[in-house]
Protein chains: 2
Amino acid sequence: MGKIKIDTNAFLYPMPMVLIGTTVENRANFMAVAWVSRVNVRPPMIGMCLGKTHYTNPGIHENKTFSVNVPGMDLLEKVDYCGLVSGKNDDKSRLFDVFYGELPHTPMIQQCPLCMECRLVKEVDLPTNTLFIGEIIGAYTEERFLTEGKLDSRKMVPFTLTMPDNNYWGMGNNVGKAWSIGKNLKAGK
Amino acid sequence: MGKIKIDTNAFLYPMPMVLIGTTVENRANFMAVAWVSRVNVRPPMIGMCLGKTHYTNPGIHENKTFSVNVPGMDLLEKVDYCGLVSGKNDDKSRLFDVFYGELPHTPMIQQCPLCMECRLVKEVDLPTNTLFIGEIIGAYTEERFLTEGKLDSRKMVPFTLTMPDNNYWGMGNNVGKAWSIGKNLKAGK
């Protein structure tokens, strides 16, 4: 099939949705972010990318921490709301029950199946965005989201985002084991 | 419900799977990566994170480019194979039809619904990993993956990874429009 060129403003398919927690002007604030990834194995680190003008950024600069909260589908509307409205104009912490772990000024969301509190370790300045890299200092879940001691995404019910069509998606079926199903090709090499 | 602490080696749910293309020792090579994210709006940039000892890394250092290829479900076994076997030990380019865009030494995969060729702009050294940040110079798809001129994930059929359970997942149902469904909460403020 013939390849065609499209806009270089292209995206990953699909992108995980999280809520970034910070304290800004002495108030817990949460922001919806899909540009987020693990970036280091040991110690565990997460990178997440924000436009430079967001209300969240000064809170990270001040406290040198942020939290990453993975929401379940039951929070879909609230997550979208957190992406629509700036903390400048609304107290978004009213949408959730907030709890704290080891790091001060690092609010996490009781209703999220996975919450990670991160200490800022590096900030990468890019033309329109800032990439914040944090070490995961504490990770929190509940027994009901575990299967054999591991987080079970079928119990967490996370959702994803695609751009530029701007749609949210559920997770589909299990289609195979990683670091495993490719072994079939080794045999037929 | 009561929160419990878990291993800080925690992950995003779910993570998008891509194949990173490079030229290493004069041969096209492809590596499976799930730690990847957009990191800048203008110009469009992608960040992706590799362990420091991978076969791919010297190829990026030498050519200052890499490609990001989003595979469809029909490539699931091949993608997993690319995560199981190092380019040191096998010519993984034999698995795909390779094409090139504007950047030399930056192989892309004909069979992938979305391919992005990237020029390296920054490298962030972290304790066990290197975060490579590249500007998207060219993006390629086919007419059959578009709906109204935009990439349509239902036609692309991407898949995702969860860790530490190491499972691949399809995409589920459309559950709402982003920057939209949260407006319901604004009204009921």
# chains A, B, ... in the order shown; residues from 1 in each chain; ligands from 1

call {"tool": "interface_residues", "arguments": {"of": "chain A", "to": "chain B", "cutoff": "6 Å", "atoms": "only C-alpha atoms", "output": "NGL selection string"}}
result
:A and (3-6 or 8-9 or 14 or 16 or 35-40 or 44 or 49 or 77 or 80-81 or 84 or 129 or 136 or 138-142 or 166-179 or 181-182)

call {"tool": "residues_around", "arguments": {"residues": "Asn57 of chain A", "least_positions_apart": "3", "cutoff": "10 Å", "atoms": "only C-alpha atoms", "output": "list in words"}}
result
Thr22, Thr23, Val24, Leu50, Gly51, Lys52, Thr53, His54, Ile60, His61, Glu62, Phe66, Thr130 and Phe132 of chain A

call {"tool": "select_by_dssp", "arguments": {"residues": "segment 49-143 of chain A", "states": "helix (DSSP H, G or I)", "output": "list in words"}}
result
Thr56, Asn57, Pro58, Gly59, Ile60, His61, Glu62, Asn63, Met73, Asp74, Leu75, Leu76, Glu77, Lys78, Val79, Asp80, Tyr81, Cys82, Gly83, Leu84, Lys92, Ser93, Arg94, Leu95 and Glu143 of chain A

call {"tool": "residues_around", "arguments": {"residues": "segment 25-29 of chain A", "least_positions_apart": "3", "cutoff": "7 Å", "atoms": "only C-alpha atoms", "output": "ChimeraX atom specification"}}
result
/A:21-22,87,92-93,107

call {"tool": "atom_distance", "arguments": {"atom1": "atom CA of Ala32 of chain B", "atom2": "atom CA of Ser67 of chain A"}}
result
27.7 Å

call {"tool": "select_by_dssp", "arguments": {"residues": "segment 69-161 of chain B", "states": "strand (DSSP E or B)", "output": "NGL selection string"}}
result
:B and (69-70 or 98-99 or 108-109 or 114-125 or 129-141 or 146-147 or 150-151 or 159-161)

call {"tool": "atom_distance", "arguments": {"atom1": "atom CA of Ile20 of chain A", "atom2": "atom CA of Arg119 of chain A"}}
result
12.8 Å

call {"tool": "atom_distance", "arguments": {"atom1": "atom CA of Asp74 of chain A", "atom2": "atom CA of Lys155 of chain A"}}
result
11.9 Å
